[in-house]
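Novice: My structure file target.txt, compact mmCIF, C-alpha atoms and all ligand atoms, is below:
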# COMPACT_ATOMS: atom_id res chain seq x y z
CA MET A 19 -36.05 -40.99 -60.81
CA LYS A 20 -36.41 -44.67 -61.54
CA LEU A 21 -37.07 -46.18 -64.92
CA ALA A 22 -37.50 -49.83 -65.90
CA LEU A 23 -36.07 -50.57 -69.33
CA GLY A 24 -37.63 -53.66 -70.88
CA VAL A 25 -35.40 -55.24 -73.52
CA THR A 26 -37.07 -57.77 -75.80
CA GLY A 27 -35.69 -60.20 -78.38
CA GLY A 28 -34.65 -58.46 -81.56
CA VAL A 29 -31.36 -57.65 -83.27
CA ALA A 30 -31.72 -54.07 -82.04
CA ALA A 31 -31.37 -55.31 -78.44
CA TYR A 32 -27.68 -54.36 -78.58
CA LYS A 33 -28.71 -50.71 -79.03
CA ALA A 34 -30.34 -50.81 -75.59
CA ALA A 35 -26.85 -50.72 -74.04
CA GLU A 36 -26.19 -47.27 -75.53
CA LEU A 37 -29.70 -46.24 -74.51
CA VAL A 38 -28.94 -47.11 -70.88
CA ARG A 39 -25.97 -44.74 -70.91
CA ARG A 40 -28.01 -41.88 -72.39
CA LEU A 41 -30.79 -42.39 -69.86
CA GLN A 42 -28.22 -42.32 -67.07
CA ASN A 43 -26.94 -39.01 -68.45
CA GLU A 44 -30.43 -37.67 -67.73
CA LYS A 45 -29.88 -38.75 -64.10
CA LEU A 46 -32.32 -41.64 -64.43
CA ASP A 47 -31.81 -44.76 -62.35
CA VAL A 48 -32.25 -47.61 -64.84
CA GLN A 49 -33.45 -51.11 -63.88
CA VAL A 50 -33.17 -53.47 -66.86
CA VAL A 51 -35.73 -56.23 -67.40
CA MET A 52 -34.96 -58.74 -70.17
CA THR A 53 -37.22 -61.26 -71.81
CA ARG A 54 -35.84 -64.75 -72.47
CA ALA A 55 -35.57 -63.98 -76.20
CA ALA A 56 -33.59 -60.79 -75.53
CA GLN A 57 -30.94 -62.88 -73.77
CA GLU A 58 -30.29 -64.69 -77.07
CA PHE A 59 -29.12 -61.36 -78.53
CA ILE A 60 -27.26 -59.69 -75.64
CA THR A 61 -26.27 -60.94 -72.21
CA PRO A 62 -27.67 -59.67 -68.90
CA LEU A 63 -24.05 -59.18 -67.82
CA THR A 64 -23.68 -56.22 -70.21
CA PHE A 65 -26.62 -54.41 -68.59
CA ALA A 66 -25.59 -55.41 -65.05
CA ALA A 67 -22.17 -53.85 -65.69
CA LEU A 68 -23.70 -50.67 -67.13
CA THR A 69 -26.32 -50.18 -64.40
CA GLY A 70 -24.55 -51.72 -61.42
CA GLN A 71 -27.83 -53.50 -60.68
CA LYS A 72 -29.05 -57.06 -60.98
CA VAL A 73 -30.87 -57.51 -64.29
CA ILE A 74 -34.32 -59.05 -63.97
CA THR A 75 -34.57 -61.97 -66.36
CA ASP A 76 -37.40 -64.13 -65.12
CA ILE A 77 -40.49 -63.97 -62.97
CA PHE A 78 -39.33 -66.96 -60.90
CA ALA A 79 -35.65 -66.25 -60.63
CA THR A 80 -34.91 -68.89 -58.02
CA ALA A 81 -36.11 -72.46 -57.77
CA GLY A 82 -38.03 -73.97 -54.85
CA SER A 83 -40.62 -72.56 -52.48
CA GLY A 84 -38.44 -70.81 -49.88
CA PRO A 85 -38.68 -67.14 -48.90
CA ALA A 86 -36.23 -66.12 -51.67
CA ASN A 87 -38.56 -67.54 -54.29
CA VAL A 88 -41.62 -65.84 -52.78
CA GLU A 89 -39.68 -62.59 -52.88
CA SER A 90 -38.84 -63.03 -56.56
CA ALA A 91 -42.42 -64.02 -57.40
CA ILE A 92 -43.76 -60.71 -56.07
CA GLU A 93 -40.83 -58.60 -57.27
CA HIS A 94 -42.81 -57.35 -60.27
CA ILE A 95 -45.21 -55.65 -57.86
CA ALA A 96 -42.36 -53.99 -55.97
CA VAL A 97 -40.72 -52.83 -59.22
CA ALA A 98 -44.11 -51.71 -60.57
CA GLN A 99 -44.61 -49.44 -57.57
CA ARG A 100 -41.04 -48.15 -57.52
CA ILE A 101 -40.71 -46.94 -61.10
CA ASP A 102 -41.64 -43.56 -62.56
CA LEU A 103 -41.75 -44.91 -66.12
CA LEU A 104 -41.64 -48.20 -68.02
CA LEU A 105 -39.75 -48.04 -71.32
CA VAL A 106 -39.56 -50.99 -73.70
CA ALA A 107 -36.84 -50.69 -76.35
CA PRO A 108 -36.66 -52.54 -78.59
CA ALA A 109 -40.28 -53.69 -78.37
CA THR A 110 -41.04 -56.72 -80.53
CA ALA A 111 -44.40 -57.47 -82.17
CA ASP A 112 -44.73 -60.23 -79.56
CA ILE A 113 -44.48 -57.93 -76.51
CA LEU A 114 -46.82 -55.35 -78.11
CA GLY A 115 -49.36 -58.15 -78.60
CA LYS A 116 -49.00 -59.27 -74.99
CA PHE A 117 -49.40 -55.70 -73.68
CA ALA A 118 -52.39 -55.06 -75.93
CA HIS A 119 -54.16 -58.23 -74.78
CA GLY A 120 -53.16 -58.21 -71.13
CA ILE A 121 -51.21 -61.45 -71.34
CA ALA A 122 -48.92 -61.65 -68.33
CA GLU A 123 -46.63 -64.62 -68.81
CA ASP A 124 -43.19 -63.26 -68.02
CA PHE A 125 -41.73 -60.51 -65.85
CA LEU A 126 -42.02 -57.73 -68.42
CA SER A 127 -45.60 -58.39 -69.50
CA THR A 128 -46.58 -58.79 -65.84
CA LEU A 129 -44.83 -55.54 -64.95
CA TYR A 130 -46.82 -53.74 -67.67
CA LEU A 131 -50.09 -54.81 -66.05
CA ALA A 132 -48.91 -54.13 -62.52
CA THR A 133 -47.55 -50.61 -62.95
CA LYS A 134 -49.43 -47.33 -62.89
CA ALA A 135 -46.36 -45.51 -64.25
CA PRO A 136 -46.49 -44.12 -67.81
CA VAL A 137 -45.34 -46.52 -70.53
CA VAL A 138 -43.22 -45.76 -73.60
CA VAL A 139 -42.56 -48.38 -76.29
CA ALA A 140 -40.05 -48.16 -79.13
CA PRO A 141 -40.93 -50.95 -81.58
CA ALA A 142 -38.36 -52.59 -83.84
CA MET A 143 -39.09 -55.45 -86.25
CA ASN A 144 -39.20 -56.56 -89.86
CA VAL A 145 -41.18 -54.17 -92.13
CA ASN A 146 -43.88 -56.76 -92.93
CA MET A 147 -44.37 -57.51 -89.25
CA TRP A 148 -44.57 -53.77 -88.53
CA GLU A 149 -47.15 -53.17 -91.25
CA HIS A 150 -49.21 -56.25 -90.39
CA PRO A 151 -52.77 -55.31 -89.30
CA ALA A 152 -52.31 -57.34 -86.11
CA THR A 153 -49.33 -55.20 -85.04
CA GLN A 154 -51.00 -51.95 -86.11
CA GLN A 155 -54.24 -52.84 -84.28
CA ASN A 156 -52.28 -53.67 -81.14
CA LEU A 157 -50.55 -50.30 -81.37
CA THR A 158 -53.86 -48.51 -81.85
CA ALA A 159 -55.20 -50.23 -78.72
CA LEU A 160 -52.08 -49.31 -76.74
CA ARG A 161 -52.11 -45.69 -77.92
CA ALA A 162 -55.78 -45.42 -76.95
CA ARG A 163 -54.78 -46.62 -73.48
CA GLY A 164 -52.22 -43.83 -73.17
CA VAL A 165 -49.08 -45.80 -74.10
CA HIS A 166 -46.54 -43.54 -75.85
CA VAL A 167 -45.11 -45.01 -79.04
CA VAL A 168 -41.79 -43.92 -80.55
CA ASP A 169 -42.32 -44.98 -84.15
CA PRO A 170 -39.51 -46.93 -85.80
CA ASP A 171 -37.32 -45.33 -88.45
CA GLU A 172 -37.24 -46.39 -92.07
CA GLY A 173 -34.12 -47.87 -93.61
CA TYR A 174 -32.13 -51.01 -94.17
CA LEU A 175 -33.24 -53.72 -91.73
CA ALA A 176 -31.19 -56.57 -90.26
CA CYS A 177 -33.37 -59.06 -92.16
CA GLY A 178 -32.08 -57.61 -95.46
CA MET A 179 -35.29 -55.74 -96.33
CA THR A 180 -35.77 -51.99 -96.48
CA GLY A 181 -38.66 -50.09 -94.90
CA ALA A 182 -40.09 -49.05 -91.53
CA GLY A 183 -39.04 -51.15 -88.56
CA ARG A 184 -35.62 -49.90 -87.46
CA LEU A 185 -35.46 -48.97 -83.79
CA ALA A 186 -35.83 -45.18 -83.54
CA ALA A 187 -32.65 -43.22 -82.87
CA THR A 188 -31.51 -43.32 -79.24
CA GLU A 189 -31.93 -39.52 -79.03
CA SER A 190 -35.60 -39.73 -80.15
CA ILE A 191 -36.32 -42.35 -77.47
CA VAL A 192 -34.57 -40.32 -74.74
CA LYS A 193 -36.43 -37.19 -75.87
CA LYS A 194 -39.80 -38.94 -75.56
CA VAL A 195 -38.90 -40.33 -72.11
CA CYS A 196 -37.90 -36.84 -70.90
CA GLU A 197 -41.07 -35.34 -72.37
CA VAL A 198 -43.31 -37.93 -70.67
CA LEU A 199 -41.51 -37.50 -67.35
CA GLY A 200 -41.64 -33.71 -67.63
CA LEU A 201 -37.83 -33.58 -67.54
CA ARG A 202 -36.96 -30.25 -69.08
CA HIS A 203 -34.15 -27.91 -68.30
CA ASP A 204 -36.09 -24.66 -68.49
CA PHE A 205 -35.87 -23.97 -64.71
CA THR A 206 -32.15 -24.65 -64.43
CA GLY A 207 -30.52 -21.98 -62.25
CA GLN A 208 -33.77 -21.02 -60.52
CA THR A 209 -34.74 -21.68 -56.90
CA VAL A 210 -38.43 -22.32 -56.37
CA LEU A 211 -39.99 -22.27 -52.93
CA VAL A 212 -43.28 -24.16 -52.66
CA THR A 213 -45.64 -24.44 -49.70
CA ALA A 214 -47.90 -27.46 -49.42
CA GLY A 215 -50.38 -29.22 -47.19
CA PRO A 216 -52.40 -27.97 -44.24
CA THR A 217 -51.29 -26.20 -41.08
CA CYS A 218 -52.38 -27.42 -37.64
CA GLU A 219 -53.20 -25.06 -34.79
CA SER A 220 -53.19 -26.64 -31.33
CA LEU A 221 -55.99 -26.07 -28.82
CA ASP A 222 -54.50 -28.25 -26.13
CA PRO A 223 -52.08 -31.23 -25.99
CA VAL A 224 -54.56 -33.53 -27.79
CA ARG A 225 -56.62 -31.36 -30.13
CA PHE A 226 -55.90 -29.11 -33.09
CA LEU A 227 -57.65 -27.17 -35.86
CA THR A 228 -56.72 -28.13 -39.41
CA ASN A 229 -58.21 -28.51 -42.92
CA ARG A 230 -58.59 -31.07 -45.70
CA SER A 231 -55.44 -30.32 -47.67
CA SER A 232 -53.57 -33.51 -48.62
CA GLY A 233 -50.52 -31.67 -49.95
CA LYS A 234 -50.95 -33.24 -53.42
CA MET A 235 -51.09 -29.90 -55.28
CA GLY A 236 -47.98 -28.48 -53.59
CA TYR A 237 -46.00 -31.73 -53.89
CA ALA A 238 -46.87 -31.91 -57.61
CA LEU A 239 -45.50 -28.37 -58.00
CA ALA A 240 -42.32 -29.28 -56.15
CA GLU A 241 -41.86 -32.43 -58.24
CA ALA A 242 -42.55 -30.64 -61.53
CA ALA A 243 -40.17 -27.76 -60.74
CA HIS A 244 -37.46 -30.25 -59.72
CA ARG A 245 -37.90 -32.25 -62.93
CA ARG A 246 -37.54 -29.02 -64.89
CA GLY A 247 -34.17 -28.36 -63.33
CA ALA A 248 -35.02 -25.99 -60.45
CA ARG A 249 -33.58 -26.20 -56.96
CA VAL A 250 -36.71 -26.70 -54.88
CA ILE A 251 -37.47 -25.83 -51.26
CA LEU A 252 -40.70 -27.50 -50.15
CA VAL A 253 -42.16 -26.13 -46.92
CA SER A 254 -44.76 -28.68 -45.99
CA GLY A 255 -47.45 -29.01 -43.39
CA PRO A 256 -48.21 -32.57 -42.18
CA THR A 257 -49.13 -34.93 -45.05
CA ASP A 258 -49.00 -38.67 -45.79
CA LEU A 259 -47.13 -38.10 -49.05
CA LYS A 260 -43.71 -39.47 -49.97
CA ILE A 261 -41.02 -36.80 -49.73
CA PRO A 262 -40.04 -36.00 -53.33
CA GLN A 263 -36.45 -36.98 -54.06
CA GLY A 264 -33.93 -34.24 -54.69
CA VAL A 265 -36.07 -31.60 -53.00
CA ASP A 266 -35.11 -29.63 -49.89
CA TRP A 267 -38.00 -30.67 -47.63
CA VAL A 268 -38.83 -28.44 -44.66
CA PRO A 269 -41.52 -29.94 -42.41
CA VAL A 270 -43.67 -27.54 -40.37
CA ARG A 271 -46.87 -27.84 -38.39
CA SER A 272 -48.36 -24.50 -37.41
CA THR A 273 -48.88 -21.30 -39.41
CA GLU A 274 -46.26 -19.65 -37.24
CA GLN A 275 -43.70 -22.34 -38.11
CA MET A 276 -44.63 -22.09 -41.79
CA GLN A 277 -44.28 -18.30 -41.64
CA ARG A 278 -40.81 -18.56 -40.06
CA SER A 279 -39.54 -21.15 -42.54
CA VAL A 280 -41.01 -19.41 -45.58
CA LEU A 281 -39.67 -15.97 -44.71
CA GLU A 282 -36.23 -17.38 -43.93
CA ARG A 283 -35.95 -19.66 -46.99
CA ALA A 284 -37.62 -17.25 -49.45
CA ARG A 285 -34.39 -15.23 -49.41
CA GLU A 286 -32.83 -18.04 -51.48
CA ALA A 287 -35.76 -18.27 -53.91
CA ASN A 288 -36.55 -16.25 -57.03
CA VAL A 289 -39.97 -17.94 -57.35
CA ALA A 290 -42.41 -18.64 -54.49
CA ILE A 291 -45.60 -20.65 -55.00
CA MET A 292 -47.97 -20.82 -52.04
CA ALA A 293 -50.19 -23.87 -52.47
CA ALA A 294 -50.55 -24.62 -48.75
CA ALA A 295 -53.92 -24.33 -47.11
CA VAL A 296 -52.89 -22.09 -44.25
CA SER A 297 -55.18 -21.59 -41.25
CA ASP A 298 -56.66 -18.12 -41.21
CA PHE A 299 -57.33 -18.38 -37.48
CA ARG A 300 -55.78 -20.09 -34.48
CA PRO A 301 -56.88 -20.47 -30.85
CA ALA A 302 -56.12 -17.23 -29.02
CA ALA A 303 -54.49 -19.29 -26.27
CA GLU A 304 -53.19 -22.86 -26.35
CA GLN A 305 -54.04 -24.72 -23.15
CA ASP A 306 -51.21 -26.78 -21.65
CA LYS A 307 -53.69 -29.29 -20.11
CA LYS A 308 -56.43 -31.19 -21.95
CA ILE A 309 -59.62 -29.09 -21.98
CA LYS A 310 -62.19 -30.96 -19.89
CA ARG A 311 -65.74 -31.57 -21.00
CA GLY A 312 -68.11 -29.38 -18.99
CA ASP A 313 -71.88 -29.36 -18.75
CA GLY A 314 -72.58 -26.38 -20.94
CA THR A 315 -71.41 -25.17 -24.35
CA PHE A 316 -67.78 -24.38 -24.99
CA THR A 317 -66.67 -21.19 -26.71
CA LEU A 318 -63.32 -21.06 -28.43
CA GLU A 319 -61.72 -17.69 -29.04
CA LEU A 320 -59.78 -17.48 -32.28
CA GLU A 321 -57.28 -14.89 -33.43
CA PRO A 322 -56.09 -14.28 -36.99
CA THR A 323 -52.85 -15.90 -38.12
CA PRO A 324 -50.18 -13.99 -40.03
CA ASP A 325 -50.83 -13.83 -43.78
CA ILE A 326 -47.62 -15.32 -45.14
CA LEU A 327 -48.41 -14.61 -48.79
CA ALA A 328 -49.14 -10.96 -48.06
CA GLU A 329 -45.88 -10.69 -46.10
CA LEU A 330 -43.95 -12.08 -49.07
CA GLY A 331 -45.82 -9.62 -51.28
CA ARG A 332 -44.54 -6.73 -49.15
CA GLU A 333 -40.91 -7.79 -49.67
CA LYS A 334 -41.35 -9.05 -53.19
CA GLY A 335 -38.44 -7.49 -55.09
CA ASN A 336 -37.89 -9.38 -58.35
CA ARG A 337 -39.25 -12.64 -56.93
CA ILE A 338 -42.19 -14.10 -58.84
CA LEU A 339 -44.96 -14.67 -56.33
CA VAL A 340 -47.80 -17.10 -56.98
CA GLY A 341 -50.68 -17.51 -54.56
CA PHE A 342 -53.62 -19.87 -54.59
CA ALA A 343 -57.24 -19.09 -53.84
CA ALA A 344 -59.47 -21.87 -52.52
CA GLU A 345 -62.97 -20.55 -53.10
CA THR A 346 -66.51 -21.81 -52.70
CA ASN A 347 -68.24 -18.77 -54.28
CA ASN A 348 -67.46 -15.60 -56.26
CA VAL A 349 -64.29 -17.27 -57.46
CA ALA A 350 -63.17 -14.64 -59.99
CA GLU A 351 -63.95 -11.66 -57.77
CA ASN A 352 -62.17 -13.16 -54.76
CA ALA A 353 -59.18 -14.26 -56.82
CA ARG A 354 -58.74 -10.82 -58.38
CA GLY A 355 -58.99 -9.26 -54.90
CA LYS A 356 -56.23 -11.57 -53.59
CA LEU A 357 -54.03 -10.80 -56.61
CA LEU A 358 -54.03 -7.10 -55.75
CA ARG A 359 -54.15 -7.25 -51.94
CA LYS A 360 -51.28 -9.73 -51.69
CA ALA A 361 -49.17 -8.15 -54.47
CA ALA A 362 -48.90 -11.51 -56.24
CA ASP A 363 -47.96 -11.99 -59.90
CA MET A 364 -50.50 -14.76 -60.31
CA ILE A 365 -53.36 -16.31 -58.36
CA VAL A 366 -54.31 -19.90 -59.06
CA ALA A 367 -57.99 -20.12 -58.19
CA ASN A 368 -59.82 -23.35 -57.60
CA ASP A 369 -63.50 -23.72 -56.84
CA VAL A 370 -63.19 -26.37 -54.13
CA THR A 371 -66.88 -27.29 -54.38
CA GLN A 372 -66.37 -28.68 -57.92
CA ALA A 373 -65.94 -32.45 -58.33
CA GLY A 374 -62.35 -33.21 -59.39
CA ALA A 375 -61.02 -29.93 -57.97
CA GLY A 376 -59.43 -28.73 -54.77
CA PHE A 377 -58.76 -30.76 -51.66
CA ASP A 378 -57.46 -34.34 -51.64
CA THR A 379 -58.16 -35.09 -55.31
CA ASP A 380 -55.65 -36.27 -57.90
CA THR A 381 -56.93 -33.66 -60.36
CA ASN A 382 -57.65 -29.96 -60.19
CA ILE A 383 -59.64 -27.42 -62.19
CA VAL A 384 -58.02 -24.01 -61.94
CA THR A 385 -58.09 -20.55 -63.48
CA LEU A 386 -54.88 -18.53 -63.55
CA PHE A 387 -55.44 -14.82 -62.80
CA LEU A 388 -52.63 -12.61 -64.04
CA ARG A 389 -51.68 -9.01 -63.30
CA ASP A 390 -52.20 -7.92 -66.90
CA GLY A 391 -55.86 -8.83 -66.52
CA ARG A 392 -55.72 -12.18 -68.34
CA GLU A 393 -57.66 -15.14 -66.97
CA LEU A 394 -56.56 -18.57 -68.19
CA ALA A 395 -59.13 -21.25 -67.42
CA LEU A 396 -57.58 -24.73 -67.56
CA PRO A 397 -59.57 -27.92 -68.08
CA GLN A 398 -59.60 -30.68 -65.46
CA LEU A 399 -56.02 -32.00 -65.38
CA ASN A 400 -54.04 -34.17 -63.01
CA LYS A 401 -52.20 -32.08 -60.44
CA PHE A 402 -48.81 -32.73 -62.05
CA ASP A 403 -50.07 -31.27 -65.35
CA VAL A 404 -51.66 -28.32 -63.52
CA ALA A 405 -48.29 -27.76 -61.84
CA ASN A 406 -46.51 -27.69 -65.21
CA ARG A 407 -49.04 -25.21 -66.62
CA ILE A 408 -48.44 -22.93 -63.62
CA LEU A 409 -44.67 -23.21 -64.13
CA ASP A 410 -45.06 -22.44 -67.86
CA GLN A 411 -46.87 -19.27 -66.85
CA VAL A 412 -44.13 -18.35 -64.36
CA LEU A 413 -41.61 -18.54 -67.22
CA ASP A 414 -43.88 -16.38 -69.35
CA ILE A 415 -44.08 -13.72 -66.62
CA GLN A 416 -40.30 -13.79 -66.24
CA LYS A 417 -39.84 -13.43 -70.01
CA HIS A 418 -42.09 -10.39 -70.16
CA SER A 419 -40.65 -8.69 -67.09
CA LYS A 420 -37.11 -8.61 -68.52
O1 LIG A 501 -53.41 -30.08 -50.84
P1 LIG A 501 -54.46 -30.62 -51.78
O2 LIG A 501 -55.34 -31.65 -51.13
O3 LIG A 501 -53.86 -31.08 -53.10
O4 LIG A 501 -55.46 -29.42 -52.13
C1 LIG A 501 -55.04 -28.35 -52.91
C2 LIG A 501 -55.51 -27.00 -52.35
C3 LIG A 501 -57.02 -26.93 -52.42
C4 LIG A 501 -55.06 -26.86 -50.88
C5 LIG A 501 -54.83 -25.90 -53.22
O5 LIG A 501 -55.24 -26.06 -54.56
C6 LIG A 501 -55.20 -24.52 -52.74
O6 LIG A 501 -56.19 -23.93 -53.12
N1 LIG A 501 -54.36 -23.93 -51.81
C7 LIG A 501 -54.61 -22.68 -51.15
C8 LIG A 501 -55.57 -22.89 -50.02
C9 LIG A 501 -55.85 -21.62 -49.25
O7 LIG A 501 -55.46 -21.51 -48.12
O8 LIG A 501 -56.46 -20.68 -49.95
P2 LIG A 501 -56.86 -19.22 -49.38
O9 LIG A 501 -57.72 -18.67 -50.43
O10 LIG A 501 -57.41 -19.37 -48.00
O11 LIG A 501 -55.48 -18.46 -49.26
C10 LIG A 501 -54.99 -17.62 -50.31
C11 LIG A 501 -53.49 -17.70 -50.39
O12 LIG A 501 -52.92 -17.14 -49.21
C12 LIG A 501 -52.92 -19.10 -50.50
O13 LIG A 501 -51.82 -19.05 -51.39
C13 LIG A 501 -52.45 -19.42 -49.09
O14 LIG A 501 -51.33 -20.32 -49.10
C14 LIG A 501 -52.04 -18.05 -48.57
N2 LIG A 501 -52.24 -17.85 -47.13
C15 LIG A 501 -53.46 -17.98 -46.56
C16 LIG A 501 -53.62 -17.73 -45.21
C17 LIG A 501 -52.50 -17.34 -44.45
N3 LIG A 501 -52.61 -17.12 -43.15
N4 LIG A 501 -51.31 -17.21 -45.05
C18 LIG A 501 -51.16 -17.44 -46.36
O15 LIG A 501 -50.05 -17.32 -46.90
Rewrite the structure of this file - the entire thing - as structure tokens.
Ligand code: PMT
Specialist:
Amino acid sequence: MKLALGVTGGVAAYKAAELVRRLQNEKLDVQVVMTRAAQEFITPLTFAALTGQKVITDIFATAGSGPANVESAIEHIAVAQRIDLLLVAPATADILGKFAHGIAEDFLSTLYLATKAPVVVAPAMNVNMWEHPATQQNLTALRARGVHVVDPDEGYLACGMTGAGRLAATESIVKKVCEVLGLRHDFTGQTVLVTAGPTCESLDPVRFLTNRSSGKMGYALAEAAHRRGARVILVSGPTDLKIPQGVDWVPVRSTEQMQRSVLERAREANVAIMAAAVSDFRPAAEQDKKIKRGDGTFTLELEPTPDILAELGREKGNRILVGFAAETNNVAENARGKLLRKAADMIVANDVTQAGAGFDTDTNIVTLFLRDGRELALPQLNKFDVANRILDQVLDIQKHSK
């Protein structure tokens, strides 16, 4: 995963070098961005040596109007899209003010506006500057916007005063970064198989039956399980999504292909989560020539596809099996029925008629149906958070089945 570390101009800038090392220990790829003031305290060379990457020091890194300069002028957009998190440590009162007021006058403040990645700031400054209402109001505004703040420690400050303003301990900053990124180690040693996306069933060489699944729910599960330390096998129908890094990605198209891959790869997995929207029917016969338009109506004969989840349920063993239920009515009744019929440990039910739930949305609204009869209704959450709640529940089932 990629992280941009913004280093701003304070005495604590030297501590950012140690921070880089600790972030790298968490397998994070660190791109350092320095403000001009930061370069008065520590050189870009130190960070370049630690990261093996060019340090970004200015929005217009090269002079003139040639292609190289155009490239550097739009680099903040490229970096903004590439990163999974923006961390600023140490963050001066000046950069907090710029972030709070949307002032984009150097690379770092521009990056803040351009990125959709989560932002963590670790302020460090003189105690009076820290306590000043201007700084505190800026922090309140940033917190309200979802920026995570690692409060400074109290103690002896470089300016000779004592009080709050010392950059938080490296470990506290790393802990917050891991928390925000969902990097935990609670799935280490486990292999999680996830299905995602739609399946496509061909009618003829140019037409197929499919559904509205974007794959977002399944990919979020794969990403979350990977970040929590699991080995992940992602069996995916066709989607437009980026293949998550570090995940064993198995592309499939039809239900039959998904069935084959899932049954084969499930042998390696101790957890299987079936988020794919699998076709329940397929054309009884696939035509090898394009079906021609006739004068009358056209009747298509469909046959049922294999139920992959039910098949896994029949050879379940100790594997934790999680199915989904995409419902438009009688959600609870249908979900409970699937839980029993498919021998699953949990069914994640979503009412796909609800706004903000189901197909091709960034959020989902789900209820988790468990074998002990519990029903856990979750609020509307982004799919990554839903994924983590499902994984939390998997751990809970494992804990209680020991
Ligand atoms: O991909 P997104 O756009 O993010 O949308 C997410 C989602 C709506 C696809 C997801 O939240 C979801 O509900 N996935 C399951 C969709 C579905 O096929 O539901 P179902 O109720 O028809 O199937 C029940 C379960 O059986 C599912 O786990 C399904 O993967 C599995 N199944 C279904 C049919 C079949 N032939 N084989 C199966 O294994």
Novice: Residues near Ala242 of chain A, anyone? I mean within 7 Å using only C-alpha atoms, not counting same-chain ones fewer than 6 positions away, as an MDAnalysis selection string.
Specialist: chainID A and resid 200 402 405:406
Novice: Using all atoms listed in the file, find each residue with an atom at most 6 Å away from ligand LIG 501 (chain A) and format the answer as a VMD selection string.
Specialist: chain A and resid 215 231 to 235 292 to 298 323 to 327 341 to 344 368 376 to 378
Novice: Between A:Lys401, A:Lys260, A:His244, A:His150, single out the one closest to Arg100 of chain A, counting all atoms listed in the file.
Specialist: A:Lys260
Novice: Which residues, written as number ranges by chain, have at least one atom at most 9 Å from segment 285-289 of chain A, with only C-alpha atoms counted and residues fewer than 3 positions away on the same chain left out?
Specialist: A: 208-212, 249-251, 280-282, 336-340, 412
Novice: Figure out the distance between atom CA of Asn352 of chain A and atom CA of Val366 of chain A, please, to one decimal in Å.
Specialist: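 According to the coordinates, atom CA of Val366 of chain A and atom CA of Asn352 of chain A are separated by 11.2 Å.
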Novice: Out of A:Leu185, A:Val137, A:Ala362, A:Ile74, which residue has the shortest atom-to-atom distance to Arg163 of chain A when counting only C-alpha atoms?
Specialist: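 So, comparing all the options, the nearest one is A:Val137.
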Novice: So that I can check the surroundings of segment 311-318 of chain A, please list as a list in words every protein, DNA and RNA residue that reaches within 10 Å of it, counting all atoms listed in the file and ignoring chain neighbours fewer than 5 positions away.
Specialist: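 These residues fall inside the cut-off: Leu221, Arg300, Pro301, Ala302 and Ala303 of chain A.
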Novice: With all atoms listed in the file as the atoms that count, which of A:Arg225, A:Glu393, A:Pro322, A:Gln154 lies nearest to Glu351 of chain A?
Specialist: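 Looking only at the distances to Glu351 of chain A, the closest residue turns out to be A:Glu393.
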Novice: How many Å lie between atom CA of Lys20 of chain A and atom CA of Ala159 of chain A, rounded to one decimal?
Specialist: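 Straight-line distance from atom CA of Lys20 of chain A to atom CA of Ala159 of chain A works out to 26.1 Å.
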Novice: Using atom CA of Pro136 of chain A and atom CA of Thr64 of chain A as the two end points, give the distance in Å to one decimal.
Specialist: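 Interatomic distance here is 25.9 Å.
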Novice: If we count only C-alpha atoms and set the cut-off at 12 Å, which residues sit around Met143 of chain A, ignoring sequence neighbours fewer than 2 positions away in its own chain? Please answer as a PyMOL selection string.
Specialist: chain A and resi 26-31+107-114+140-141+145-150+153+169-186
Novice: Could you write those residues out with C-alpha atoms, as a CSV table (one decimal), in the coordinates of the input?
Specialist:
chain,number,residue,atom,x,y,z
A,26,THR,CA,-37.1,-57.8,-75.8
A,27,GLY,CA,-35.7,-60.2,-78.4
A,28,GLY,CA,-34.6,-58.5,-81.6
A,29,VAL,CA,-31.4,-57.6,-83.3
A,30,ALA,CA,-31.7,-54.1,-82.0
A,31,ALA,CA,-31.4,-55.3,-78.4
A,107,ALA,CA,-36.8,-50.7,-76.4
A,108,PRO,CA,-36.7,-52.5,-78.6
A,109,ALA,CA,-40.3,-53.7,-78.4
A,110,THR,CA,-41.0,-56.7,-80.5
A,111,ALA,CA,-44.4,-57.5,-82.2
A,112,ASP,CA,-44.7,-60.2,-79.6
A,113,ILE,CA,-44.5,-57.9,-76.5
A,114,LEU,CA,-46.8,-55.4,-78.1
A,140,ALA,CA,-40.0,-48.2,-79.1
A,141,PRO,CA,-40.9,-51.0,-81.6
A,145,VAL,CA,-41.2,-54.2,-92.1
A,146,ASN,CA,-43.9,-56.8,-92.9
A,147,MET,CA,-44.4,-57.5,-89.2
A,148,TRP,CA,-44.6,-53.8,-88.5
A,149,GLU,CA,-47.2,-53.2,-91.2
A,150,HIS,CA,-49.2,-56.2,-90.4
A,153,THR,CA,-49.3,-55.2,-85.0
A,169,ASP,CA,-42.3,-45.0,-84.2
A,170,PRO,CA,-39.5,-46.9,-85.8
A,171,ASP,CA,-37.3,-45.3,-88.4
A,172,GLU,CA,-37.2,-46.4,-92.1
A,173,GLY,CA,-34.1,-47.9,-93.6
A,174,TYR,CA,-32.1,-51.0,-94.2
A,175,LEU,CA,-33.2,-53.7,-91.7
A,176,ALA,CA,-31.2,-56.6,-90.3
A,177,CYS,CA,-33.4,-59.1,-92.2
A,178,GLY,CA,-32.1,-57.6,-95.5
A,179,MET,CA,-35.3,-55.7,-96.3
A,180,THR,CA,-35.8,-52.0,-96.5
A,181,GLY,CA,-38.7,-50.1,-94.9
A,182,ALA,CA,-40.1,-49.0,-91.5
A,183,GLY,CA,-39.0,-51.2,-88.6
A,184,ARG,CA,-35.6,-49.9,-87.5
A,185,LEU,CA,-35.5,-49.0,-83.8
A,186,ALA,CA,-35.8,-45.2,-83.5
